[in-house]
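Listing of protein06.pdb; format and content: PDB, C-alpha atoms.
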```
MODEL        1
ATOM      1  CA  MET F  18       3.699  27.536 -13.944
ATOM      2  CA  LEU F  19       0.221  27.335 -12.486
ATOM      3  CA  SER F  20       0.269  26.028  -8.916
ATOM      4  CA  LEU F  21      -2.470  23.922  -7.394
ATOM      5  CA  PHE F  22      -1.639  25.179  -3.902
ATOM      6  CA  ALA F  23      -2.611  28.452  -2.306
ATOM      7  CA  PRO F  24       0.146  31.000  -1.572
ATOM      8  CA  GLY F  25       2.132  29.862   1.420
ATOM      9  CA  GLN F  26       0.597  26.397   1.366
ATOM     10  CA  VAL F  27       3.086  23.561   1.559
ATOM     11  CA  PRO F  28       2.565  20.774  -1.016
ATOM     12  CA  TRP F  29       1.626  17.423   0.395
ATOM     13  CA  SER F  30       4.383  14.993   1.189
ATOM     14  CA  GLY F  31       4.388  11.534  -0.348
ATOM     15  CA  ALA F  32       3.301   9.942   2.938
ATOM     16  CA  ARG F  33       0.400  12.356   3.332
ATOM     17  CA  LEU F  34      -0.679  11.851  -0.261
ATOM     18  CA  ARG F  35      -0.642   8.075   0.189
ATOM     19  CA  ALA F  36      -2.709   8.412   3.373
ATOM     20  CA  VAL F  37      -5.300  10.578   1.604
ATOM     21  CA  VAL F  38      -5.510   8.164  -1.342
ATOM     22  CA  ALA F  39      -5.905   5.179   1.033
ATOM     23  CA  ALA F  40      -8.660   6.994   2.948
ATOM     24  CA  ARG F  41     -10.521   7.835  -0.256
ATOM     25  CA  ARG F  42     -10.306   4.217  -1.405
ATOM     26  CA  ALA F  43     -11.700   3.034   1.913
ATOM     27  CA  VAL F  44     -14.653   5.395   1.471
ATOM     28  CA  ASP F  45     -15.168   4.634  -2.223
ATOM     29  CA  PRO F  46     -13.984   1.162  -3.295
ATOM     30  CA  ALA F  47     -14.984   1.961  -6.888
ATOM     31  CA  LEU F  48     -12.238   4.584  -7.004
ATOM     32  CA  THR F  49      -9.631   1.958  -7.916
ATOM     33  CA  VAL F  50     -11.730   0.827 -10.880
ATOM     34  CA  ASP F  51     -12.135   4.441 -12.011
ATOM     35  CA  LEU F  52      -8.369   4.906 -11.799
ATOM     36  CA  VAL F  53      -7.718   2.071 -14.264
ATOM     37  CA  ALA F  54     -10.527   3.329 -16.512
ATOM     38  CA  GLY F  55      -8.888   6.755 -16.580
ATOM     39  CA  VAL F  56      -5.523   5.258 -17.506
ATOM     40  CA  ALA F  57      -7.175   3.282 -20.319
ATOM     41  CA  GLU F  58      -8.883   6.425 -21.651
ATOM     42  CA  ARG F  59      -5.639   8.392 -21.656
ATOM     43  CA  LEU F  60      -3.766   5.569 -23.323
ATOM     44  CA  ALA F  61      -6.432   5.379 -26.026
ATOM     45  CA  ALA F  62      -6.213   9.119 -26.659
ATOM     46  CA  LEU F  63      -2.407   9.053 -26.886
ATOM     47  CA  LEU F  64      -2.330   6.000 -29.144
ATOM     48  CA  THR F  65      -4.938   7.561 -31.422
ATOM     49  CA  ALA F  66      -2.741  10.649 -31.671
ATOM     50  CA  GLY F  67       0.133   8.494 -32.890
ATOM     51  CA  VAL F  68       2.147   8.240 -29.682
ATOM     52  CA  ALA F  69       4.124   5.017 -29.332
ATOM     53  CA  PRO F  70       2.885   2.577 -26.656
ATOM     54  CA  ALA F  71       6.027   2.972 -24.516
ATOM     55  CA  ALA F  72       5.761   6.771 -24.517
ATOM     56  CA  ALA F  73       2.008   6.541 -23.898
ATOM     57  CA  TRP F  74       2.525   4.394 -20.817
ATOM     58  CA  ARG F  75       5.234   6.740 -19.494
ATOM     59  CA  ASN F  76       2.885   9.697 -19.858
ATOM     60  CA  VAL F  77       0.047   8.140 -17.878
ATOM     61  CA  VAL F  78       2.063   7.256 -14.750
ATOM     62  CA  PRO F  79      -0.052   8.371 -11.742
ATOM     63  CA  ASP F  80       1.261  11.133  -9.496
ATOM     64  CA  SER F  81       0.652   9.110  -6.334
ATOM     65  CA  ASP F  82       3.465   6.927  -5.024
ATOM     66  CA  ASP F  83       1.568   3.681  -4.504
ATOM     67  CA  ALA F  84       1.090   0.186  -5.906
ATOM     68  CA  ASP F  85      -0.892   1.411  -8.919
ATOM     69  CA  ARG F  86       2.015   3.596  -9.960
ATOM     70  CA  ARG F  87       4.283   0.542  -9.878
ATOM     71  CA  ILE F  88       1.923  -1.282 -12.252
ATOM     72  CA  VAL F  89       2.032   1.531 -14.822
ATOM     73  CA  GLU F  90       5.804   1.864 -14.497
ATOM     74  CA  ALA F  91       6.246  -1.877 -15.102
ATOM     75  CA  ALA F  92       4.014  -1.668 -18.186
ATOM     76  CA  ALA F  93       6.000   1.307 -19.501
ATOM     77  CA  VAL F  94       9.296  -0.530 -19.062
ATOM     78  CA  ALA F  95       7.938  -3.641 -20.806
ATOM     79  CA  ALA F  96       6.573  -1.586 -23.712
ATOM     80  CA  GLY F  97       9.919   0.192 -24.076
ATOM     81  CA  ASP F  98      11.849  -3.088 -24.066
ATOM     82  CA  GLY F  99       9.484  -4.769 -26.520
ATOM     83  CA  GLU F 100       8.268  -7.225 -23.886
ATOM     84  CA  PRO F 101       4.607  -8.303 -23.500
ATOM     85  CA  VAL F 102       2.828  -5.566 -21.593
ATOM     86  CA  ALA F 103       0.106  -7.885 -20.282
ATOM     87  CA  SER F 104       2.669 -10.228 -18.722
ATOM     88  CA  ALA F 105       4.437  -7.263 -17.113
ATOM     89  CA  ILE F 106       1.168  -6.065 -15.592
ATOM     90  CA  ALA F 107       0.433  -9.554 -14.268
ATOM     91  CA  SER F 108       3.892  -9.841 -12.687
ATOM     92  CA  ALA F 109       3.621  -6.387 -11.139
ATOM     93  CA  ARG F 110       0.183  -7.252  -9.750
ATOM     94  CA  GLN F 111       1.658 -10.279  -8.007
ATOM     95  CA  ALA F 112       4.467  -8.153  -6.568
ATOM     96  CA  HIS F 113       2.049  -5.403  -5.473
ATOM     97  CA  PRO F 114      -1.202  -7.052  -4.319
ATOM     98  CA  ALA F 115      -2.499  -3.713  -2.971
ATOM     99  CA  ALA F 116      -2.940  -2.435  -6.527
ATOM    100  CA  SER F 117      -6.382  -2.278  -8.109
ATOM    101  CA  PRO F 118      -7.750  -5.662  -9.260
ATOM    102  CA  ALA F 119      -8.955  -3.894 -12.415
ATOM    103  CA  TRP F 120      -5.376  -3.973 -13.737
ATOM    104  CA  SER F 121      -5.930  -7.656 -14.465
ATOM    105  CA  VAL F 122      -8.897  -6.696 -16.654
ATOM    106  CA  LEU F 123      -6.712  -4.244 -18.572
ATOM    107  CA  ALA F 124      -4.015  -6.906 -18.935
ATOM    108  CA  ALA F 125      -6.527  -9.386 -20.368
ATOM    109  CA  ALA F 126      -7.845  -6.828 -22.873
ATOM    110  CA  TRP F 127      -4.348  -5.768 -23.913
ATOM    111  CA  SER F 128      -3.332  -9.405 -24.333
ATOM    112  CA  VAL F 129      -6.299 -10.162 -26.597
ATOM    113  CA  ALA F 130      -5.825  -7.041 -28.733
ATOM    114  CA  ASP F 131      -2.082  -7.612 -29.024
ATOM    115  CA  ALA F 132      -2.412 -11.282 -29.969
ATOM    116  CA  ALA F 133      -5.273 -10.704 -32.427
ATOM    117  CA  GLY F 134      -3.747  -7.606 -33.990
ATOM    118  CA  SER F 135      -6.757  -5.454 -33.113
ATOM    119  CA  PRO F 136      -6.391  -1.663 -32.751
ATOM    120  CA  LEU F 137      -5.265  -1.039 -29.188
ATOM    121  CA  ALA F 138      -6.955   2.368 -28.978
ATOM    122  CA  ALA F 139     -10.398   0.966 -29.792
ATOM    123  CA  CYS F 140      -9.857  -1.873 -27.333
ATOM    124  CA  LEU F 141      -8.917   0.574 -24.566
ATOM    125  CA  VAL F 142     -11.956   2.751 -25.251
ATOM    126  CA  MET F 143     -14.160  -0.334 -24.894
ATOM    127  CA  LEU F 144     -12.368  -1.330 -21.711
ATOM    128  CA  ALA F 145     -12.678   2.125 -20.165
ATOM    129  CA  SER F 146     -16.415   2.171 -20.854
ATOM    130  CA  ALA F 147     -16.865  -1.281 -19.285
ATOM    131  CA  LEU F 148     -14.827  -0.294 -16.217
ATOM    132  CA  ARG F 149     -16.814   2.930 -15.780
ATOM    133  CA  ASP F 150     -19.994   0.847 -15.815
ATOM    134  CA  GLU F 151     -18.566  -1.527 -13.225
ATOM    135  CA  ALA F 152     -17.488   1.348 -10.973
ATOM    136  CA  GLN F 153     -20.964   2.834 -11.182
ATOM    137  CA  LEU F 154     -22.484  -0.557 -10.406
ATOM    138  CA  ARG F 155     -20.338  -0.829  -7.271
ATOM    139  CA  ARG F 156     -21.296   2.667  -6.144
ATOM    140  CA  GLU F 157     -24.999   1.976  -6.652
ATOM    141  CA  ALA F 158     -24.757  -1.287  -4.711
ATOM    142  CA  ARG F 159     -22.861   0.450  -1.897
ATOM    143  CA  ALA F 160     -25.446   3.229  -1.727
ATOM    144  CA  ALA F 161     -28.306   0.733  -1.638
ATOM    145  CA  LEU F 162     -26.623  -1.238   1.160
ATOM    146  CA  ALA F 163     -25.841   1.833   3.264
ATOM    147  CA  GLY F 164     -29.317   2.029   4.824
ATOM    148  CA  PRO F 165     -29.654  -1.619   5.924
ATOM    149  CA  ALA F 166     -26.053  -1.703   7.157
ATOM    150  CA  ALA F 167     -26.550   1.462   9.232
ATOM    151  CA  SER F 168     -29.761   0.013  10.703
ATOM    152  CA  ALA F 169     -27.910  -3.150  11.705
ATOM    153  CA  ARG F 170     -25.200  -1.128  13.479
ATOM    154  CA  LEU F 171     -27.797   0.987  15.268
ATOM    155  CA  VAL F 172     -29.757  -2.011  16.495
ATOM    156  CA  ALA F 173     -26.546  -3.688  17.686
ATOM    157  CA  ALA F 174     -25.997  -0.728  20.038
ATOM    158  CA  LEU F 175     -29.312  -1.294  21.842
ATOM    159  CA  PRO F 176     -27.834  -3.382  24.710
ATOM    160  CA  VAL F 177     -25.276  -0.666  25.480
ATOM    161  CA  VAL F 178     -28.033   1.955  25.409
ATOM    162  CA  ALA F 179     -30.090  -0.167  27.820
ATOM    163  CA  VAL F 180     -27.199  -0.359  30.290
ATOM    164  CA  ALA F 181     -26.706   3.401  30.163
ATOM    165  CA  PHE F 182     -30.450   4.007  30.518
ATOM    166  CA  GLY F 183     -30.613   1.787  33.581
ATOM    167  CA  ALA F 184     -27.712   3.669  35.170
ATOM    168  CA  MET F 185     -29.472   6.983  34.474
ATOM    169  CA  LEU F 186     -32.557   5.683  36.307
ATOM    170  CA  GLY F 187     -30.433   4.969  39.366
ATOM    171  CA  PHE F 188     -30.015   1.215  39.005
ATOM    172  CA  ASP F 189     -26.581  -0.263  39.556
ATOM    173  CA  THR F 190     -26.573  -2.129  36.247
ATOM    174  CA  LEU F 191     -22.799  -2.071  35.834
ATOM    175  CA  GLY F 192     -22.302  -3.277  39.389
ATOM    176  CA  VAL F 193     -24.702  -6.146  38.783
ATOM    177  CA  LEU F 194     -23.069  -7.114  35.497
ATOM    178  CA  LEU F 195     -19.523  -7.010  36.880
ATOM    179  CA  GLY F 196     -19.995  -7.912  40.547
ATOM    180  CA  ASN F 197     -22.862 -10.393  40.673
ATOM    181  CA  PRO F 198     -22.226 -13.977  39.470
ATOM    182  CA  LEU F 199     -25.613 -14.095  37.766
ATOM    183  CA  GLY F 200     -25.026 -10.674  36.229
ATOM    184  CA  LEU F 201     -21.587 -11.719  35.024
ATOM    185  CA  ALA F 202     -23.104 -14.774  33.370
ATOM    186  CA  CYS F 203     -25.667 -12.531  31.663
ATOM    187  CA  LEU F 204     -22.879 -10.215  30.478
ATOM    188  CA  LEU F 205     -20.816 -13.032  28.997
ATOM    189  CA  LEU F 206     -23.800 -14.651  27.333
ATOM    190  CA  GLY F 207     -25.041 -11.297  26.032
ATOM    191  CA  CYS F 208     -21.611 -10.439  24.590
ATOM    192  CA  GLY F 209     -21.595 -13.830  22.887
ATOM    193  CA  PHE F 210     -24.984 -13.112  21.321
ATOM    194  CA  LEU F 211     -23.789  -9.659  20.213
ATOM    195  CA  TRP F 212     -20.645 -11.115  18.645
ATOM    196  CA  ALA F 213     -22.653 -13.760  16.803
ATOM    197  CA  GLY F 214     -25.193 -11.193  15.623
ATOM    198  CA  SER F 215     -22.461  -8.852  14.410
ATOM    199  CA  ARG F 216     -20.732 -11.633  12.468
ATOM    200  CA  TRP F 217     -24.053 -12.755  11.001
ATOM    201  CA  SER F 218     -25.007  -9.216   9.940
ATOM    202  CA  ARG F 219     -21.610  -8.556   8.351
ATOM    203  CA  ALA F 220     -21.855 -11.830   6.443
ATOM    204  CA  LEU F 221     -25.300 -10.898   5.126
ATOM    205  CA  VAL F 222     -24.082  -7.448   4.043
ATOM    206  CA  ALA F 223     -20.991  -8.909   2.367
ATOM    207  CA  ARG F 224     -23.058 -11.504   0.535
ATOM    208  CA  ALA F 225     -25.492  -8.856  -0.668
ATOM    209  CA  ALA F 226     -22.622  -6.667  -1.877
ATOM    210  CA  VAL F 227     -21.078  -9.389  -4.053
ATOM    211  CA  ALA F 228     -21.756  -8.724  -7.727
ATOM    212  CA  GLN F 229     -20.466 -10.554 -10.763
ATOM    213  CA  PRO F 230     -17.145  -8.837 -11.504
ATOM    214  CA  SER F 231     -16.611  -7.518 -15.012
ATOM    215  CA  ALA F 232     -20.035  -8.585 -16.266
ATOM    216  CA  GLY F 233     -19.969  -9.060 -20.028
ATOM    217  CA  LEU F 234     -16.180  -8.752 -20.248
ATOM    218  CA  GLU F 235     -15.758 -12.049 -22.095
ATOM    219  CA  LEU F 236     -18.167 -10.881 -24.801
ATOM    220  CA  GLU F 237     -16.413  -7.530 -25.102
ATOM    221  CA  LEU F 238     -13.031  -9.241 -25.520
ATOM    222  CA  LEU F 239     -14.464 -11.602 -28.107
ATOM    223  CA  ALA F 240     -15.746  -8.601 -30.074
ATOM    224  CA  VAL F 241     -12.270  -7.037 -29.885
ATOM    225  CA  ALA F 242     -10.646 -10.187 -31.255
ATOM    226  CA  LEU F 243     -13.198 -10.494 -34.049
ATOM    227  CA  ALA F 244     -12.629  -6.855 -35.032
ATOM    228  CA  SER F 245      -9.160  -7.854 -36.265
ATOM    229  CA  GLY F 246     -10.661 -10.241 -38.807
ATOM    230  CA  ALA F 247      -9.833 -13.367 -36.833
ATOM    231  CA  SER F 248     -12.094 -16.365 -37.158
ATOM    232  CA  LEU F 249     -14.567 -17.113 -34.412
ATOM    233  CA  GLY F 250     -12.617 -20.158 -33.257
ATOM    234  CA  ARG F 251      -9.349 -18.236 -33.132
ATOM    235  CA  ALA F 252     -10.980 -15.313 -31.319
ATOM    236  CA  ALA F 253     -12.550 -17.613 -28.726
ATOM    237  CA  GLU F 254      -9.191 -19.304 -28.169
ATOM    238  CA  LEU F 255      -7.428 -15.967 -27.603
ATOM    239  CA  VAL F 256     -10.090 -14.780 -25.158
ATOM    240  CA  ALA F 257     -10.048 -18.038 -23.208
ATOM    241  CA  SER F 258      -6.253 -17.934 -22.960
ATOM    242  CA  ALA F 259      -6.252 -14.322 -21.756
ATOM    243  CA  LEU F 260      -8.913 -14.974 -19.141
ATOM    244  CA  ARG F 261      -7.099 -18.046 -17.830
ATOM    245  CA  ALA F 262      -3.861 -16.077 -17.536
ATOM    246  CA  HIS F 263      -5.171 -12.845 -16.017
ATOM    247  CA  LEU F 264      -8.658 -13.499 -14.609
ATOM    248  CA  PRO F 265      -8.772 -17.162 -13.558
ATOM    249  CA  GLU F 266     -11.419 -16.351 -10.927
ATOM    250  CA  LEU F 267     -13.876 -15.183 -13.601
ATOM    251  CA  PRO F 268     -16.414 -17.972 -14.237
ATOM    252  CA  PRO F 269     -16.720 -19.093 -17.862
ATOM    253  CA  SER F 270     -19.761 -17.794 -19.686
ATOM    254  CA  ALA F 271     -21.903 -19.474 -22.306
ATOM    255  CA  ALA F 272     -23.548 -16.205 -23.344
ATOM    256  CA  ALA F 273     -21.575 -15.977 -26.584
ATOM    257  CA  GLY F 274     -23.143 -19.090 -28.130
ATOM    258  CA  PRO F 275     -26.695 -17.762 -28.608
ATOM    259  CA  VAL F 276     -25.368 -14.421 -29.857
ATOM    260  CA  VAL F 277     -23.156 -16.065 -32.473
ATOM    261  CA  ALA F 278     -26.043 -18.296 -33.566
ATOM    262  CA  LEU F 279     -28.292 -15.255 -33.940
ATOM    263  CA  ALA F 280     -25.658 -13.456 -36.008
ATOM    264  CA  GLU F 281     -25.323 -16.458 -38.308
ATOM    265  CA  ARG F 282     -29.090 -16.739 -38.805
ATOM    266  CA  ALA F 283     -29.644 -13.033 -39.373
ATOM    267  CA  GLY F 284     -26.421 -12.295 -41.220
ATOM    268  CA  ALA F 285     -25.709  -9.455 -38.756
ATOM    269  CA  PRO F 286     -22.272  -8.313 -37.530
ATOM    270  CA  VAL F 287     -21.442 -10.575 -34.628
ATOM    271  CA  ALA F 288     -19.168  -8.024 -32.930
ATOM    272  CA  GLU F 289     -21.975  -5.490 -32.539
ATOM    273  CA  LEU F 290     -24.320  -8.123 -31.199
ATOM    274  CA  LEU F 291     -21.679  -9.219 -28.680
ATOM    275  CA  ARG F 292     -21.236  -5.663 -27.439
ATOM    276  CA  ALA F 293     -25.004  -5.240 -27.111
ATOM    277  CA  GLU F 294     -25.251  -8.476 -25.123
ATOM    278  CA  ALA F 295     -22.381  -7.353 -22.873
ATOM    279  CA  ALA F 296     -24.245  -4.099 -22.160
ATOM    280  CA  ARG F 297     -27.366  -6.129 -21.330
ATOM    281  CA  LEU F 298     -25.403  -8.295 -18.897
ATOM    282  CA  ARG F 299     -24.028  -5.217 -17.132
ATOM    283  CA  GLY F 300     -27.555  -3.852 -16.790
ATOM    284  CA  ALA F 301     -28.750  -7.172 -15.413
ATOM    285  CA  ALA F 302     -25.903  -7.188 -12.883
ATOM    286  CA  ARG F 303     -26.940  -3.699 -11.751
ATOM    287  CA  THR F 304     -30.565  -4.816 -11.306
ATOM    288  CA  ASP F 305     -29.466  -7.941  -9.455
ATOM    289  CA  GLY F 306     -27.399  -5.851  -7.058
ATOM    290  CA  ALA F 307     -30.366  -3.569  -6.338
ATOM    291  CA  MET F 308     -32.582  -6.597  -5.632
ATOM    292  CA  ARG F 309     -30.038  -8.095  -3.223
ATOM    293  CA  ALA F 310     -29.803  -4.786  -1.388
ATOM    294  CA  ALA F 311     -33.603  -4.585  -1.092
ATOM    295  CA  ALA F 312     -33.776  -8.132   0.282
ATOM    296  CA  LEU F 313     -31.026  -7.375   2.802
ATOM    297  CA  GLY F 314     -33.344  -5.172   4.855
ATOM    298  CA  VAL F 315     -35.576  -8.193   5.518
ATOM    299  CA  ARG F 316     -32.781 -10.684   6.064
ATOM    300  CA  LEU F 317     -31.175  -8.489   8.703
ATOM    301  CA  MET F 318     -34.224  -9.177  10.884
ATOM    302  CA  LEU F 319     -32.866 -12.693  11.459
ATOM    303  CA  PRO F 320     -29.760 -11.708  13.467
ATOM    304  CA  LEU F 321     -31.859  -8.999  15.132
ATOM    305  CA  GLY F 322     -34.423 -11.459  16.446
ATOM    306  CA  CYS F 323     -32.081 -14.378  17.144
ATOM    307  CA  CYS F 324     -29.063 -12.539  18.583
ATOM    308  CA  VAL F 325     -29.464  -8.823  19.263
ATOM    309  CA  LEU F 326     -32.786  -8.963  21.100
ATOM    310  CA  PRO F 327     -31.632 -11.795  23.446
ATOM    311  CA  ALA F 328     -28.467  -9.766  24.093
ATOM    312  CA  PHE F 329     -30.642  -6.737  24.867
ATOM    313  CA  VAL F 330     -32.607  -8.766  27.408
ATOM    314  CA  LEU F 331     -29.494 -10.293  28.984
ATOM    315  CA  VAL F 332     -27.399  -7.118  29.191
ATOM    316  CA  GLY F 333     -30.090  -4.449  29.525
ATOM    317  CA  VAL F 334     -33.212  -5.926  31.122
ATOM    318  CA  ALA F 335     -31.841  -8.742  33.288
ATOM    319  CA  PRO F 336     -29.477  -6.466  35.305
ATOM    320  CA  LEU F 337     -32.408  -4.155  36.091
ATOM    321  CA  MET F 338     -34.462  -7.058  37.378
ATOM    322  CA  ILE F 339     -31.534  -8.466  39.367
ATOM    323  CA  SER F 340     -30.850  -5.021  40.818
ATOM    324  CA  VAL F 341     -34.486  -4.578  41.827
ATOM    325  CA  VAL F 342     -34.729  -8.059  43.348
ATOM    326  CA  THR F 343     -31.469  -7.812  45.283
ATOM    327  CA  GLY F 344     -32.343  -4.310  46.447
ATOM    328  CA  THR F 345     -35.769  -5.456  47.617
ATOM    329  CA  LEU F 346     -34.378  -8.479  49.413
ATOM    330  CA  GLY F 347     -31.650  -6.377  50.993
ATOM    331  CA  GLY F 348     -34.207  -3.822  52.177
ATOM    332  CA  ALA F 349     -36.431  -6.563  53.617
ATOM    333  CA  ARG F 350     -33.564  -7.838  55.709
TER     334      ARG F 350
ENDMDL
END
```
Any chance you could put this one into structure tokens?
Amino acid sequence: MLSLFAPGQVPWSGARLRAVVAARRAVDPALTVDLVAGVAERLAALLTAGVAPAAAWRNVVPDSDDADRRIVEAAAVAAGDGEPVASAIASARQAHPAASPAWSVLAAAWSVADAAGSPLAACLVMLASALRDEAQLRREARAALAGPAASARLVAALPVVAVAFGAMLGFDTLGVLLGNPLGLACLLLGCGFLWAGSRWSRALVARAAVAQPSAGLELELLAVALASGASLGRAAELVASALRAHLPELPPSAAAGPVVALAERAGAPVAELLRAEAARLRGAARTDGAMRAAALGVRLMLPLGCCVLPAFVLVGVAPLMISVVTGTLGGAR
């Protein structure tokens, strides 16, 4: 059997593998979305080949021993016992909150396809494509935010650099900050400004990083339900029920109304129009994320001017002045 390890290399233990996976997720938050997309793609391929759902789920169990593996195992057991797979995924997600949130998206899609009688393989292909788009959107937003966030961290280090610079010039800045009552007051006030500026900057970065999760998902699920031949009212009811059960945090969308009206006027297939509109919404979410990242560079000037610069003066400049004044007065005596 072909080995993935070099001769003499010891395979990773479960604990080491979990540590590596956790580190990779911390570096790339979109990795968890890609994981679920990969599972959906493999399931679609196996189901298309005629493999039963229970066997398909058993064959896509991840190698890593983590919360995501528990989700797939629970789905495999439910499929083998004839139980609702979507409900099993939802229960496993509650028991293992560290698992990827994208499992709830898969559960909603599976629930709609199962209830409507739509082909599961086609539904999973659609889901995998949507999740790949969302993962790419998150990576693009993270890359766009990397520059402003790094600038904010660099500017926040200015007071510390000023203290070190003063010490290099021969001024007793640390002694003034820690031993002089006025210096101690400057240190405490400067640390307070730094803390406030850091919290403010992190809040701005977090707000800029927020993107609408699963943009266009409701339209994609509606197209899946309609593909089974269900009426529009029945399809909308199934989608609403699945979203309430598995994605209650997803805000309701009114985007389907104009698309359905257009399909009725033009006599065009409504499912194709829904998928096209979902793709447009994902593109709009990507553009919106890029615009928020571009605006972040300007907004970060607010904590810089209101918090970091006063901290720089209090911790870096004030001790130099106090040191010079006290040294001059001491020399005069």
message: Evaluated on this file, the PyMOL selection byres ((chain F and resi 257) around 12) picks out some residues - which ones are they, written as JSON, numbers by chain?
response: {"F": [125, 126, 128, 129, 234, 235, 236, 238, 239, 242, 250, 251, 252, 253, 254, 255, 256, 258, 259, 260, 261, 262, 263, 264, 265, 267, 268, 269, 270, 271]}
- prompt: Which residue, F:Met185, F:Val332, F:Met308, F:Ala47, has the smallest gap to F:Leu204 when you use all atoms listed in the file?
  reply: F:Val332
- request: Taking the file above as input, evaluate the PyMOL selection byres ((chain F and resi 49-61) around 7) and report the hits as a list of chain:residue names.
  value: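 Going through the file, the PyMOL selection byres ((chain F and resi 49-61) around 7) ends up selecting F:Arg42, F:Pro46, F:Ala47, F:Leu48, F:Ala62, F:Leu63, F:Leu64, F:Thr65, F:Ala73, F:Trp74, F:Val77, F:Ser117, F:Ala119, F:Trp120, F:Ala138, F:Leu141, F:Val142, F:Ala145, F:Leu148, F:Arg149, F:Ala152.
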Output of the above residues as a short mmCIF file (atom, residue, chain, number, x, y, z; two decimals), in the coordinates of the input, restricted to C-alpha atoms:
```
data_model
loop_
_atom_site.label_atom_id
_atom_site.label_comp_id
_atom_site.auth_asym_id
_atom_site.auth_seq_id
_atom_site.Cartn_x
_atom_site.Cartn_y
_atom_site.Cartn_z
CA ARG F 42 -10.31 4.22 -1.40
CA PRO F 46 -13.98 1.16 -3.30
CA ALA F 47 -14.98 1.96 -6.89
CA LEU F 48 -12.24 4.58 -7.00
CA ALA F 62 -6.21 9.12 -26.66
CA LEU F 63 -2.41 9.05 -26.89
CA LEU F 64 -2.33 6.00 -29.14
CA THR F 65 -4.94 7.56 -31.42
CA ALA F 73 2.01 6.54 -23.90
CA TRP F 74 2.52 4.39 -20.82
CA VAL F 77 0.05 8.14 -17.88
CA SER F 117 -6.38 -2.28 -8.11
CA ALA F 119 -8.96 -3.89 -12.42
CA TRP F 120 -5.38 -3.97 -13.74
CA ALA F 138 -6.96 2.37 -28.98
CA LEU F 141 -8.92 0.57 -24.57
CA VAL F 142 -11.96 2.75 -25.25
CA ALA F 145 -12.68 2.12 -20.16
CA LEU F 148 -14.83 -0.29 -16.22
CA ARG F 149 -16.81 2.93 -15.78
CA ALA F 152 -17.49 1.35 -10.97
#
```
- request: Evaluate the PyMOL selection byres ((chain F and resi 219) around 12) here and jot the selected residues down as a ChimeraX atom specification.
  value: /F:162,165-167,169-170,173,212-218,220-226,313,316-317,320
message: For a test of reading the model, state the distance in Å between atom CA of F:Ala160 and atom CA of F:Ala147, rounded to one decimal.
response: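 These two atoms are separated by 20.1 Å.
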Nearest to F:Gly233, chosen from F:Ala202, F:Glu294, F:Leu186, F:Gly246, with all atoms listed in the file counted in the distances: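 Between F:Ala202, F:Glu294, F:Leu186, F:Gly246, the residue approaching F:Gly233 most closely is F:Glu294.
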statement: Closest of F:Leu249, F:Ala66, F:Ala301, F:Met318 to F:Ala280, counting all atoms listed in the file, is F:Leu249
message: Would you compute the distance between atom CA of F:His113 and atom CA of F:Glu100? Give it in Å to one decimal.
response: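 Answer for the atom CA of F:His113 to atom CA of F:Glu100 separation: 19.5 Å.
Between atom CA of F:Leu279 and atom CA of F:Leu291 lies a distance of 10.4 Å.
Closest approach to F:Asp98 among F:Gly207, F:Gly333, F:Pro136, F:Pro70: F:Pro70, based on all atoms listed in the file.
You can rank F:Pro176, F:Pro114, F:Gly284, F:Gly187 by their closest distance to F:Leu326 using only C-alpha atoms, and at the top of that list sits F:Pro176.
Nearest to F:Val342 of all the residues F:Ala84, F:Val193, F:Ala310, F:Val315 is F:Val193, counting all atoms listed in the file.
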